[in-house]
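Enquirer: What follows is query03.txt; its format and atoms are compact mmCIF, C-alpha atoms.
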# COMPACT_ATOMS: atom_id res chain seq x y z
CA MET A 257 -4.87 23.47 -23.66
CA LYS A 258 -2.04 23.69 -21.13
CA GLY A 259 -4.00 21.60 -18.66
CA ARG A 260 -4.65 18.93 -21.30
CA ARG A 261 -0.95 18.81 -22.20
CA TRP A 262 -0.07 18.43 -18.52
CA LEU A 263 -2.60 15.60 -18.14
CA LEU A 264 -1.33 13.76 -21.22
CA GLY A 265 2.21 14.09 -19.91
CA ARG A 266 1.26 12.50 -16.58
CA LEU A 267 -0.67 9.68 -18.28
CA GLY A 268 2.21 9.05 -20.68
CA GLY A 269 4.68 8.91 -17.80
CA ALA A 270 2.51 6.42 -15.93
CA ILE A 271 2.11 4.19 -19.00
CA ALA A 272 5.86 4.28 -19.68
CA THR A 273 6.60 3.33 -16.07
CA ILE A 274 4.17 0.41 -16.18
CA LEU A 275 5.80 -0.82 -19.40
CA MET A 276 9.21 -0.67 -17.73
CA VAL A 277 7.80 -2.64 -14.78
CA LEU A 278 6.48 -5.25 -17.22
CA LEU A 279 9.89 -5.58 -18.85
CA LEU A 280 11.67 -5.81 -15.49
CA ASN A 281 9.18 -8.39 -14.28
CA PHE A 282 9.75 -10.46 -17.40
CA VAL A 283 13.56 -10.34 -17.18
CA LEU A 284 13.72 -11.07 -13.43
CA PHE A 285 11.49 -14.11 -13.80
CA ARG A 286 13.69 -15.55 -16.55
CA LEU A 287 16.88 -14.93 -14.56
CA MET A 288 15.60 -16.46 -11.33
CA PRO A 289 17.07 -19.87 -10.44
CA GLY A 290 13.63 -21.19 -9.56
CA SER A 291 11.86 -21.04 -12.91
CA PRO A 292 9.65 -24.11 -13.53
CA ASP A 293 12.08 -26.10 -15.66
CA ARG A 294 15.01 -25.41 -13.34
CA ALA A 295 12.93 -26.34 -10.31
CA LEU A 296 12.03 -29.66 -11.92
CA ALA A 297 15.66 -30.25 -12.92
CA ARG A 298 16.61 -30.48 -9.24
CA ASN A 299 14.40 -33.55 -8.88
CA PRO A 300 16.35 -36.60 -10.14
CA ARG A 301 13.13 -38.60 -10.61
CA VAL A 302 11.69 -36.24 -13.23
CA SER A 303 12.01 -37.60 -16.73
CA ALA A 304 13.24 -35.68 -19.75
CA GLU A 305 9.74 -35.90 -21.26
CA ALA A 306 8.24 -34.23 -18.17
CA MET A 307 10.90 -31.52 -18.33
CA GLN A 308 10.10 -30.82 -21.96
CA ALA A 309 6.36 -30.79 -21.26
CA ALA A 310 6.92 -28.24 -18.50
CA ARG A 311 8.98 -26.04 -20.81
CA VAL A 312 6.25 -26.16 -23.45
CA ARG A 313 3.53 -25.41 -20.88
CA TRP A 314 5.37 -22.36 -19.60
CA GLY A 315 6.46 -21.23 -23.07
CA LEU A 316 10.15 -21.62 -22.17
CA ASP A 317 10.89 -23.68 -25.29
CA LYS A 318 10.79 -20.54 -27.44
CA PRO A 319 13.41 -17.77 -27.79
CA ILE A 320 13.30 -15.22 -24.95
CA PHE A 321 13.37 -12.26 -27.35
CA PRO A 322 11.00 -11.60 -28.92
CA ASP A 323 8.75 -14.70 -28.67
CA GLN A 324 8.55 -15.12 -24.89
CA LEU A 325 8.41 -11.35 -24.30
CA ILE A 326 5.55 -10.86 -26.77
CA ALA A 327 3.66 -13.83 -25.30
CA TYR A 328 4.21 -12.54 -21.75
CA VAL A 329 3.03 -9.00 -22.49
CA GLY A 330 0.01 -10.28 -24.39
CA ALA A 331 -0.98 -12.69 -21.63
CA THR A 332 -0.48 -10.02 -18.93
CA LEU A 333 -2.68 -7.52 -20.75
CA LYS A 334 -5.37 -10.22 -20.81
CA GLY A 335 -5.00 -10.77 -17.05
CA ASP A 336 -3.29 -14.13 -17.49
CA PHE A 337 -0.34 -14.41 -15.07
CA GLY A 338 0.21 -18.12 -15.54
CA TYR A 339 -0.17 -20.97 -13.06
CA SER A 340 1.03 -21.40 -9.50
CA LEU A 341 3.66 -24.03 -8.75
CA LYS A 342 2.68 -24.32 -5.07
CA TYR A 343 -1.12 -24.24 -5.28
CA GLY A 344 -1.66 -27.25 -7.52
CA GLY A 345 -1.36 -25.46 -10.84
CA ARG A 346 -4.16 -22.98 -10.09
CA GLU A 347 -4.26 -19.73 -12.02
CA VAL A 348 -2.18 -17.01 -10.39
CA THR A 349 -5.03 -14.51 -10.79
CA SER A 350 -7.28 -16.82 -8.75
CA VAL A 351 -4.68 -17.29 -6.01
CA ILE A 352 -3.97 -13.56 -5.73
CA GLY A 353 -7.66 -12.66 -6.00
CA GLU A 354 -8.42 -14.63 -2.82
CA LYS A 355 -5.81 -12.64 -0.89
CA ILE A 356 -6.58 -9.10 -2.04
CA GLY A 357 -9.73 -8.76 0.09
CA PRO A 358 -8.06 -9.35 3.48
CA THR A 359 -5.22 -7.00 2.55
CA LEU A 360 -7.55 -4.22 1.42
CA LEU A 361 -9.57 -4.63 4.62
CA ILE A 362 -6.72 -3.84 6.99
CA VAL A 363 -5.10 -1.30 4.65
CA GLY A 364 -8.33 0.57 3.95
CA LEU A 365 -9.50 0.80 7.56
CA GLY A 366 -5.98 1.55 8.77
CA GLU A 367 -5.64 4.39 6.25
CA ILE A 368 -9.02 5.91 7.20
CA ILE A 369 -8.24 5.79 10.93
CA ALA A 370 -4.75 7.21 10.38
CA LEU A 371 -6.10 10.08 8.28
CA ALA A 372 -8.73 11.04 10.83
CA ALA A 373 -6.39 10.83 13.82
CA GLY A 374 -3.38 12.34 11.99
CA ILE A 375 -5.37 15.32 10.74
CA ALA A 376 -6.81 15.96 14.22
CA LEU A 377 -3.40 15.67 15.90
CA GLY A 378 -1.62 17.74 13.25
CA ALA A 379 -4.21 20.52 13.35
CA TRP A 380 -4.16 20.59 17.15
CA THR A 381 -0.36 20.72 17.47
CA GLY A 382 0.03 23.22 14.61
CA TRP A 383 -2.55 25.58 16.14
CA ARG A 384 -0.74 25.39 19.51
CA ARG A 385 2.78 25.64 18.11
CA GLY A 386 5.44 26.30 20.73
CA ARG A 387 3.22 25.25 23.62
CA PHE A 388 3.43 22.12 25.75
CA GLY A 389 0.64 20.41 23.79
CA ASP A 390 2.53 21.02 20.55
CA ARG A 391 5.79 19.60 21.93
CA ALA A 392 4.10 16.55 23.44
CA GLY A 393 1.99 15.81 20.37
CA THR A 394 4.89 16.28 17.97
CA LEU A 395 7.10 14.02 20.08
CA GLY A 396 4.45 11.31 20.04
CA ALA A 397 4.05 11.66 16.27
CA LEU A 398 7.82 11.42 15.75
CA ILE A 399 8.01 8.27 17.88
CA LEU A 400 5.23 6.62 15.87
CA TYR A 401 6.79 7.74 12.58
CA SER A 402 10.17 6.24 13.47
CA MET A 403 8.84 2.82 14.52
CA PRO A 404 8.75 0.12 11.80
CA TYR A 405 5.52 -1.81 11.25
CA PHE A 406 6.82 -5.16 12.50
CA TRP A 407 8.00 -3.58 15.78
CA LEU A 408 4.66 -1.86 16.34
CA GLY A 409 2.89 -5.14 15.63
CA MET A 410 4.97 -7.08 18.14
CA LEU A 411 4.38 -4.43 20.80
CA LEU A 412 0.62 -4.58 20.26
CA ILE A 413 0.65 -8.40 20.38
CA THR A 414 2.62 -8.34 23.63
CA LEU A 415 0.29 -5.82 25.26
CA PHE A 416 -3.21 -6.61 24.01
CA ALA A 417 -2.94 -10.30 23.14
CA THR A 418 -0.31 -11.85 25.42
CA THR A 419 -0.48 -9.65 28.54
CA LEU A 420 -4.13 -8.53 28.61
CA GLY A 421 -5.59 -11.37 26.53
CA TRP A 422 -8.16 -9.08 24.94
CA LEU A 423 -7.51 -9.90 21.29
CA PRO A 424 -6.27 -12.90 19.27
CA THR A 425 -2.64 -12.95 18.16
CA SER A 426 -3.02 -14.19 14.59
CA GLY A 427 -5.29 -15.41 11.81
CA ILE A 428 -8.41 -13.95 10.26
CA SER A 429 -11.01 -15.94 12.22
CA THR A 430 -11.42 -18.52 14.95
CA PRO A 431 -11.27 -22.08 13.53
CA GLY A 432 -14.79 -23.49 13.52
CA GLY A 433 -16.11 -20.13 14.69
CA PRO A 434 -19.65 -18.78 14.31
CA GLY A 435 -21.14 -17.16 11.22
CA GLY A 436 -23.41 -14.17 10.66
CA ILE A 437 -23.03 -11.18 12.95
CA GLU A 438 -20.95 -13.11 15.46
CA GLY A 439 -18.63 -14.16 12.66
CA ALA A 440 -18.23 -10.51 11.56
CA ILE A 441 -17.40 -9.53 15.14
CA ASP A 442 -14.86 -12.34 15.30
CA LEU A 443 -13.32 -11.07 12.04
CA LEU A 444 -13.03 -7.54 13.44
CA ARG A 445 -11.41 -8.87 16.63
CA HIS A 446 -8.77 -10.63 14.57
CA ALA A 447 -8.31 -7.58 12.32
CA ALA A 448 -8.09 -5.07 15.18
CA LEU A 449 -4.36 -5.40 15.85
CA PRO A 450 -3.25 -5.40 12.16
CA ILE A 451 -5.43 -2.36 11.50
CA ALA A 452 -4.08 -0.59 14.59
CA THR A 453 -0.51 -1.34 13.53
CA ILE A 454 -0.99 0.20 10.08
CA ALA A 455 -2.91 3.18 11.49
CA LEU A 456 -0.28 3.94 14.14
CA GLY A 457 2.46 3.69 11.55
CA LEU A 458 0.76 6.33 9.39
CA ILE A 459 -0.58 8.74 12.01
CA GLY A 460 2.86 10.20 12.65
CA GLN A 461 3.40 11.03 8.96
CA TYR A 462 0.09 12.84 8.58
CA ALA A 463 0.35 14.65 11.91
CA ILE A 464 3.88 15.96 11.31
CA LEU A 465 3.12 17.12 7.77
CA LEU A 466 -0.16 18.82 8.69
CA ARG A 467 1.35 20.41 11.79
CA SER A 468 3.99 22.07 9.61
CA SER A 469 1.38 23.27 7.11
CA VAL A 470 -0.90 24.69 9.81
CA ALA A 471 1.97 26.45 11.58
CA GLU A 472 3.03 28.01 8.29
CA SER A 473 -0.53 29.08 7.46
CA LEU A 474 -0.82 30.93 10.77
CA ARG A 475 1.60 33.54 9.38
CA GLU A 476 -0.46 34.18 6.26
CA GLY A 477 -2.29 37.46 5.78
CA TYR A 478 -5.74 35.91 5.42
CA VAL A 479 -5.48 34.51 8.96
CA LEU A 480 -4.61 37.91 10.37
CA THR A 481 -7.55 39.40 8.44
CA ALA A 482 -9.92 36.76 9.81
CA ARG A 483 -8.78 37.47 13.35
CA ALA A 484 -9.17 41.19 12.80
CA LYS A 485 -12.78 40.53 11.78
CA GLY A 486 -13.36 38.87 15.14
CA LEU A 487 -13.89 35.32 13.88
CA ARG A 488 -13.61 32.53 16.42
CA ASP A 489 -10.45 30.42 16.48
CA GLU A 490 -12.40 27.28 15.62
CA ARG A 491 -13.92 28.90 12.53
CA ILE A 492 -10.56 30.27 11.41
CA LEU A 493 -8.96 26.85 11.73
CA ARG A 494 -11.71 24.92 9.96
CA GLY A 495 -12.77 27.47 7.38
CA HIS A 496 -9.51 29.17 6.44
CA ILE A 497 -6.42 27.24 7.55
CA LEU A 498 -7.31 23.57 7.04
CA PRO A 499 -8.55 23.84 3.42
CA ASN A 500 -5.11 25.15 2.41
CA ALA A 501 -2.98 23.16 4.86
CA LEU A 502 -4.57 19.84 3.85
CA LEU A 503 -3.18 19.87 0.30
CA PRO A 504 0.16 18.16 1.11
CA THR A 505 -1.56 15.71 3.45
CA VAL A 506 -4.10 14.70 0.81
CA THR A 507 -1.27 14.12 -1.65
CA LEU A 508 0.62 11.99 0.88
CA ALA A 509 -2.54 9.95 1.54
CA ALA A 510 -2.92 9.25 -2.18
CA LEU A 511 0.72 8.19 -2.42
CA ASN A 512 0.37 5.97 0.62
CA ALA A 513 -2.51 4.16 -1.06
CA GLY A 514 0.14 2.35 -3.05
CA PHE A 515 3.03 2.22 -0.61
CA VAL A 516 0.97 1.12 2.39
CA ILE A 517 0.08 -2.12 0.62
CA GLY A 518 3.79 -2.86 0.51
CA GLY A 519 4.11 -2.03 4.21
CA ALA A 520 1.13 -4.22 4.99
CA LEU A 521 3.08 -7.24 3.77
CA THR A 522 5.22 -7.11 6.92
CA VAL A 523 2.17 -6.63 9.13
CA GLU A 524 0.46 -9.66 7.61
CA ILE A 525 3.49 -11.84 8.27
CA VAL A 526 3.64 -10.71 11.92
CA PHE A 527 -0.07 -11.46 12.46
CA SER A 528 -0.31 -14.45 10.07
CA TRP A 529 -3.00 -12.50 8.24
CA PRO A 530 -3.98 -14.38 5.05
CA GLY A 531 -3.42 -11.58 2.58
CA LEU A 532 -0.85 -10.68 -0.05
CA GLY A 533 1.95 -10.47 2.53
CA LEU A 534 1.56 -14.02 3.77
CA LEU A 535 1.09 -15.19 0.18
CA THR A 536 4.39 -13.53 -0.78
CA GLN A 537 6.21 -15.21 2.10
CA GLU A 538 4.84 -18.62 1.18
CA ALA A 539 5.68 -18.09 -2.49
CA LEU A 540 9.24 -17.14 -1.59
CA GLN A 541 9.68 -20.20 0.60
CA SER A 542 8.35 -22.53 -2.10
CA ARG A 543 9.97 -20.61 -5.00
CA ASP A 544 6.60 -20.10 -6.61
CA TYR A 545 7.89 -17.47 -9.02
CA PRO A 546 4.72 -17.09 -11.10
CA VAL A 547 2.87 -15.95 -7.94
CA LEU A 548 5.75 -13.68 -6.96
CA GLN A 549 5.73 -12.23 -10.46
CA GLY A 550 2.01 -11.51 -10.21
CA VAL A 551 2.27 -9.94 -6.75
CA PHE A 552 5.25 -7.81 -7.79
CA LEU A 553 3.40 -6.55 -10.83
CA LEU A 554 0.24 -5.81 -8.83
CA LEU A 555 2.11 -3.85 -6.16
CA SER A 556 4.22 -1.95 -8.70
CA VAL A 557 1.21 -0.93 -10.77
CA SER A 558 -0.67 0.11 -7.63
CA VAL A 559 2.19 2.45 -6.66
CA VAL A 560 2.32 3.95 -10.18
CA LEU A 561 -1.45 4.50 -10.24
CA ALA A 562 -1.35 5.96 -6.72
CA ASN A 563 1.28 8.47 -7.86
CA LEU A 564 -0.88 9.37 -10.86
CA LEU A 565 -3.89 9.78 -8.58
CA ALA A 566 -1.88 12.03 -6.27
CA ASP A 567 -0.86 14.25 -9.20
CA LEU A 568 -4.43 14.50 -10.49
CA LEU A 569 -5.85 15.13 -7.03
CA TYR A 570 -3.32 17.81 -6.20
CA SER A 571 -3.89 19.56 -9.52
CA ARG A 572 -7.63 19.46 -8.85
CA LEU A 573 -7.22 21.02 -5.41
CA ASP A 574 -4.61 23.53 -6.59
CA PRO A 575 -4.93 24.38 -10.32
CA ARG A 576 -1.68 26.34 -10.15
CA VAL A 577 0.16 23.00 -10.23
CA ARG A 578 -0.90 21.98 -13.73
CA HIS A 579 -0.95 25.51 -15.14
CA GLY A 580 2.48 26.26 -13.75
CA ALA A 581 3.93 22.97 -15.03
CA ALA A 582 2.43 23.51 -18.50
CA ARG A 583 4.22 26.78 -19.10
Could I get this structure in the form of structure tokens?

Expert:
Amino acid sequence: MKGRRWLLGRLGGAIATILMVLLLNFVLFRLMPGSPDRALARNPRVSAEAMQAARVRWGLDKPIFPDQLIAYVGATLKGDFGYSLKYGGREVTSVIGEKIGPTLLIVGLGEIIALAAGIALGAWTGWRRGRFGDRAGTLGALILYSMPYFWLGMLLITLFATTLGWLPTSGISTPGGPGGIEGAIDLLRHAALPIATIALGLIGQYAILLRSSVAESLREGYVLTARAKGLRDERILRGHILPNALLPTVTLAALNAGFVIGGALTVEIVFSWPGLGLLTQEALQSRDYPVLQGVFLLLSVSVVLANLLADLLYSRLDPRVRHGAAR
């Protein structure tokens, strides 16, 4: 019963947050100076009839509250985000849908690589706390953690693309390039630097957090008992320490599932990667507010759902969380 109440509370909080995001998205779009009718008003050659037709098309001829708000919420729940001003009046869902795949590719692979490397580095430095390996590894993790994505990206471009010439500097594929397996290899070559940038930006977070958890677990009684039984260090680390020390890292990974997409926007701009980041930049430059509205909503909801996933995952790994919160 307590667990169910805790779950309903988390779901209710997530739904309330999404509703607030919807309201904020609606208000911001109406306050922006680049709404469709205002954008047309800056063109002296647009007739009054065309202005009125645009207002009718976008539903701006009705009162903001409650008519436009009700229409906006209803259309959003149906997956209708309107039409793009820049992309020839195409549906916003279609425009965004084309860009999600490239973004998920670099974010997904970057997250997997960062988790694997961060867990290995954090476990290694935590097990050797106070030694030279711990100090060197922690210093490297702190340096990576403090470097912004765009700076990491520029460093990688300078080294691997400009200086060594091993990898391309931008784009998702070579214009007029091959298809099939060779095309997939070409895609991975173009994606290598964006993926590496995201992975390096996350490795430091995971390594520092896990290192702290492992070092703390070394003082626990069950570790001393395992050593007294004569268990090997490798078995103690894998079988006793890591299952407990990984809880905060798993939670951080779930949270990053939402926030990393936001960080990937900068990476995509640096590498001209045709994902949501480049789409956002182009929409800003052209004042395509319907697209910006759709991207903002997508990113906001992804962060809310990632937080909900982190709560559920943590409570699954450690039932004391939901039972303690339900008291």

Enquirer: Can you build me a table of region 334-447 of chain A residues sitting at most 10 Å from region 474-498 of chain A, with the closest atom pair per residue and its distance in Å to one decimal, using all atoms listed in the file, sorted by chain and residue number, as CSV?

Expert:
residue,atom,partner,partner_atom,distance
A:Ile375,CA,A:Leu498,CA,9.2
A:Ala379,CA,A:Leu498,CA,7.7
A:Trp380,CA,A:Leu493,CA,9.6
A:Gly382,CA,A:Leu474,CA,8.7
A:Trp383,CA,A:Leu474,CA,7.8
A:Arg385,CA,A:Leu474,CA,9.7

Enquirer: Go ahead and compute the interatomic distance for CA of Gly269 (chain A) and CA of Glu367 (chain A), in Å to one decimal.

Expert: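 Value for the CA of Gly269 (chain A)-CA of Glu367 (chain A) distance: 26.6 Å.
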
Enquirer: Tell me which protein, DNA and RNA residues are within 8 Å of Val351 (chain A), counting all atoms listed in the file, leaving out same-chain ones fewer than 5 positions away, and put them as number ranges by chain.

Expert: A: 340, 343, 346, 547

Enquirer: Do a neighbour search on Asp317 (chain A) at 8 Å with only C-alpha atoms, toss out local chain neighbours closer than 5 positions, and write the hits as a list of chain:residue names.

Expert: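 Near neighbours after the sequence-gap exclusion: A:Gln308, A:Arg311, A:Val312.
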
Enquirer: Please compute the CA of Gly439 (chain A)-CA of Trp422 (chain A) distance, one decimal, in Å.

Expert: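 Between these atoms lies a distance of 16.9 Å.
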
Enquirer: Would you mind telling me which residue in A:Arg286, A:Lys334, A:His446, A:Lys342 lies nearest to Phe321 (chain A) when using only C-alpha atoms?

Expert: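 Looking at the shortest contact to Phe321 (chain A), the residue is A:Arg286.
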
Enquirer: Grab the CA of Asn281 (chain A) to CA of Leu361 (chain A) distance for me, in Å with one decimal place.

Expert: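 Rounded to one decimal, the two atoms are 26.9 Å apart.
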
Enquirer: Which of these residues is nearest to Gly531 (chain A), using all atoms listed in the file: A:Asp390, A:Glu354, A:Glu472, A:Asp567?

Expert: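 Checking each candidate against Gly531 (chain A), we get A:Glu354 as the closest.
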